[in-house]
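Structure data follow from query-v3.txt (compact mmCIF, C-alpha atoms):
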```txt
# COMPACT_ATOMS: atom_id res chain seq x y z
CA MET M 892 350.51 20.97 -4.85
CA ARG M 893 353.08 22.41 -2.44
CA ARG M 894 354.62 20.18 0.15
CA SER M 895 354.97 21.17 3.76
CA PRO M 896 358.47 21.87 5.04
CA ALA M 897 360.17 19.37 7.32
CA PRO M 898 358.82 19.68 10.87
CA ALA M 899 362.00 21.39 12.13
CA ASP M 900 362.44 23.66 9.08
CA PHE M 901 361.04 26.70 10.85
CA ASN M 902 362.32 29.11 8.18
CA GLY M 903 360.31 27.10 5.68
CA TRP M 904 357.23 27.27 7.91
CA VAL M 905 357.62 31.03 8.27
CA ALA M 906 357.84 31.32 4.47
CA GLN M 907 354.57 29.38 4.24
CA LEU M 908 352.86 32.26 6.05
CA ALA M 909 353.02 34.17 2.74
CA ILE M 910 350.79 31.62 0.98
CA SER M 911 347.12 32.08 1.78
CA SER M 912 346.26 28.40 1.30
CA ARG M 913 349.11 27.33 3.61
CA ARG M 914 348.97 30.14 6.17
CA GLN M 915 346.70 28.56 8.77
CA HIS M 916 348.57 25.24 8.78
CA ALA M 917 351.92 27.04 9.06
CA LYS M 918 350.66 29.22 11.90
CA GLN M 919 349.38 26.17 13.81
CA HIS M 920 352.69 24.36 13.31
CA LEU M 921 354.73 27.34 14.47
CA LEU M 922 352.55 27.87 17.54
CA ALA M 923 352.72 24.18 18.43
CA SER M 924 356.50 24.22 18.00
CA GLY M 925 356.84 26.86 20.69
CA SER M 926 360.28 28.16 21.57
CA ARG M 927 362.02 26.10 18.89
CA ALA M 928 360.37 28.30 16.23
CA LEU M 929 361.27 31.64 17.83
CA PRO M 930 364.55 32.32 15.96
CA ALA M 931 362.80 31.82 12.61
CA LEU M 932 359.88 33.99 13.75
CA ARG M 933 362.33 36.75 14.70
CA ARG M 934 363.79 36.58 11.20
CA GLY M 935 360.23 36.67 9.85
CA LEU M 936 359.72 40.11 11.39
CA VAL M 937 362.01 41.54 8.70
CA HIS M 938 360.55 39.49 5.82
CA ASP M 939 359.88 41.33 2.54
CA GLN M 940 356.17 40.55 2.66
CA ALA M 941 354.04 42.40 5.20
CA ILE M 942 351.67 39.43 5.61
CA VAL M 943 354.57 37.33 6.91
CA ARG M 944 355.66 40.06 9.31
CA ARG M 945 352.07 40.46 10.56
CA GLN M 946 351.62 36.73 11.07
CA CYS M 947 354.92 36.50 12.96
CA VAL M 948 353.80 39.34 15.23
CA ASN M 949 350.51 37.50 15.81
CA ILE M 950 352.42 34.40 16.88
CA PHE M 951 354.64 36.47 19.20
CA ASP M 952 351.44 37.62 20.86
CA ARG M 953 351.31 34.08 22.26
CA LEU M 954 354.97 33.01 22.36
CA LEU M 955 356.87 36.13 23.45
CA ASP M 956 360.29 35.57 25.02
CA GLU M 957 363.03 37.93 26.24
CA ASP M 958 365.15 37.45 23.11
CA SER M 959 362.22 38.51 20.91
CA LEU M 960 361.26 41.70 22.74
CA GLY M 961 363.71 43.88 20.81
CA VAL M 962 362.52 42.82 17.36
CA LEU M 963 358.91 43.12 18.43
CA VAL M 964 359.54 46.67 19.67
CA ALA M 965 361.28 47.41 16.36
CA ALA M 966 358.08 46.27 14.59
CA LEU M 967 356.37 49.34 16.08
CA ASN M 968 358.17 51.25 13.30
CA ASP M 969 357.24 48.89 10.46
CA SER M 970 356.12 50.49 7.20
CA GLU M 971 352.87 48.49 7.25
CA PRO M 972 350.22 49.88 9.64
CA GLN M 973 348.72 46.44 10.31
CA VAL M 974 352.10 45.13 11.49
CA VAL M 975 352.49 48.13 13.80
CA GLY M 976 349.00 47.72 15.23
CA ARG M 977 349.47 44.02 15.88
CA ALA M 978 352.93 44.61 17.41
CA LEU M 979 351.42 47.16 19.75
CA HIS M 980 348.78 44.66 20.82
CA ALA M 981 351.38 41.91 21.29
CA LEU M 982 353.47 44.15 23.54
CA ALA M 983 350.55 45.51 25.57
CA CYS M 984 348.36 42.44 26.03
CA ASP M 985 349.24 40.12 28.88
CA ARG M 986 346.13 37.97 28.51
CA CYS M 987 347.26 36.32 25.26
CA LYS M 988 350.69 35.18 26.45
CA GLN M 989 351.47 31.52 27.09
CA GLY M 990 354.76 32.10 28.89
CA SER M 991 355.88 34.45 31.63
CA CYS M 992 357.59 37.08 29.44
CA ARG M 993 355.87 40.46 29.44
CA ALA M 994 356.98 43.72 27.85
CA ASP M 995 357.83 46.59 30.16
CA GLU M 996 355.44 49.47 29.55
CA GLU M 997 358.31 51.82 28.80
CA THR M 998 359.15 49.75 25.72
CA TRP M 999 355.85 50.55 24.01
CA VAL M 1000 353.88 53.32 25.79
CA PRO M 1001 355.92 56.21 24.32
CA ARG M 1002 355.38 54.93 20.77
CA ALA M 1003 351.69 54.28 21.46
CA LEU M 1004 351.30 57.85 22.68
CA THR M 1005 352.72 59.16 19.39
CA LEU M 1006 350.39 56.87 17.44
CA LEU M 1007 347.39 58.66 18.97
CA HIS M 1008 348.16 61.38 16.40
CA HIS M 1009 348.84 59.14 13.39
CA PRO M 1010 346.77 59.87 10.26
CA ASN M 1011 345.72 56.20 10.04
CA PRO M 1012 342.58 55.66 12.17
CA ASP M 1013 343.35 51.94 12.57
CA LEU M 1014 346.69 52.79 14.18
CA ARG M 1015 345.02 55.35 16.44
CA ALA M 1016 342.50 52.67 17.45
CA ALA M 1017 345.31 50.20 18.19
CA ALA M 1018 347.06 52.84 20.31
CA ILE M 1019 343.86 53.65 22.23
CA ASP M 1020 343.25 49.95 22.87
CA ALA M 1021 346.81 49.29 24.05
CA LEU M 1022 347.00 52.40 26.20
CA GLY M 1023 343.66 51.57 27.77
CA LYS M 1024 345.35 48.58 29.42
CA VAL M 1025 347.59 50.83 31.57
CA THR M 1026 345.37 53.78 32.51
CA GLU M 1027 345.06 52.65 36.14
CA ARG M 1028 348.84 52.93 36.57
CA ARG M 1029 349.64 55.78 34.21
CA PRO M 1030 348.17 59.26 34.74
CA ASP M 1031 350.05 60.46 31.64
CA VAL M 1032 348.21 57.88 29.55
CA THR M 1033 344.86 58.76 31.11
CA ALA M 1034 345.48 62.43 30.30
CA ALA M 1035 346.44 61.65 26.70
CA LEU M 1036 343.34 59.51 26.21
CA ALA M 1037 341.18 62.25 27.74
CA ILE M 1038 342.54 64.67 25.14
CA THR M 1039 341.94 62.12 22.40
CA SER M 1040 338.39 61.62 23.62
CA GLN M 1041 337.79 65.32 22.97
CA THR M 1042 339.89 66.02 19.89
CA ASP M 1043 340.16 63.00 17.60
CA ASN M 1044 338.48 63.69 14.27
CA ASP M 1045 336.83 60.25 14.31
CA ARG M 1046 333.69 60.07 16.46
CA GLY M 1047 334.12 56.33 17.06
CA LEU M 1048 337.68 56.78 18.28
CA ARG M 1049 336.63 59.60 20.60
CA GLY M 1050 334.09 57.20 22.13
CA MET M 1051 336.66 54.43 22.32
CA ALA M 1052 339.06 56.71 24.20
CA ARG M 1053 336.26 57.76 26.60
CA ARG M 1054 335.47 54.12 27.37
CA ARG M 1055 339.15 53.34 28.05
CA ILE M 1056 339.32 56.04 30.70
CA GLY M 1057 335.91 55.25 32.13
CA ALA M 1058 334.43 58.62 31.19
```
For the file at hand, write its structure as C-alpha cells.
Amino acid sequence: MRRSPAPADFNGWVAQLAISSRRQHAKQHLLASGSRALPALRRGLVHDQAIVRRQCVNIFDRLLDEDSLGVLVAALNDSEPQVVGRALHALACDRCKQGSCRADEETWVPRALTLLHHPNPDLRAAAIDALGKVTERRPDVTAALAITSQTDNDRGLRGMARRRIGA
C-alpha cells in the first residue's frame, strides 16, 4: 500500500496524479491546498506522463493565477490532444474559476482558431466550445465558426458550431 505524501509535499501530490487509485485523493488535496500547490502544479504541466499534465490543467481550471497563465498557454501546444483540449477550456471558461484571474482572449483565441482545422475531432470540438464563449464580442470568431458550421467533415461538429453562433 502506498502512503500519501506529507500534506505540504505538493510535488509528491502531483506525482500521485499518475496513479489511478490515488488520483482522486491527490486532486482533492491539491484543490483544497489552493495557491500553496500552484508552483508544483506548474511543474506538473511539463511532467513526462500526459495524465499528470491533464490533471494539472484540470486543477488550473479552478485555481488559475497570473503566474500560471504562461504555462497554461504553453499547454495549448502539448503533444497530447486531451491536454490541449483541457487547457483550452481552462483558459476560456470563466465559470469554473474560484479566484479573480482570467485569461485574456488574445492568449488563447488565435490558437483555438487554428485548432478548428486540426485533424483530431476532439480538438476541433474543444475549439468550437471555447470559441463559442466569445462570439458576442468577436466577429472574427463568429465568422470562423460560421465557416466551420458549413465545412467541417463531422456532421456533429457542424451542428455544434451552428449552435455556438445561434444559427
Residue neighbourhood Arg1053 of chain M, 7 Å, all atoms listed in the file, exclusion window fewer than 5 positions, as a PyMOL selection string: chain M and resi 1037+1040+1058
Among the residues M:Asp1043, M:Glu971, M:Glu1027, M:Glu957, the one that comes closest to Ile942 of chain M [using all atoms listed in the file]: M:Glu971
Test item: residues at most 12 Å from Gly1050 of chain M, all atoms listed in the file, excluding those fewer than 5 positions along its chain, as a list of chain:residue names: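 Counting all atoms listed in the file, the residues come to M:Ala1016, M:Ile1019, M:Asp1020, M:Leu1036, M:Ala1037, M:Ile1038, M:Thr1039, M:Ser1040, M:Gln1041, M:Thr1042, M:Asp1043, M:Asn1044, M:Asp1045, M:Arg1055, M:Ile1056, M:Gly1057, M:Ala1058.
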Pick from M:Leu1048, M:Asp956, M:Arg914, M:Ala897 nearest to Asn1011 of chain M, counting all atoms listed in the file: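 When distances to Asn1011 of chain M are compared using all atoms listed in the file, the smallest one comes from M:Leu1048.
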Gap from atom CA of Ala1018 of chain M to atom CA of Gly961 of chain M - Å, one decimal: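 Separating atom CA of Ala1018 of chain M from atom CA of Gly961 of chain M is a distance of 18.9 Å.
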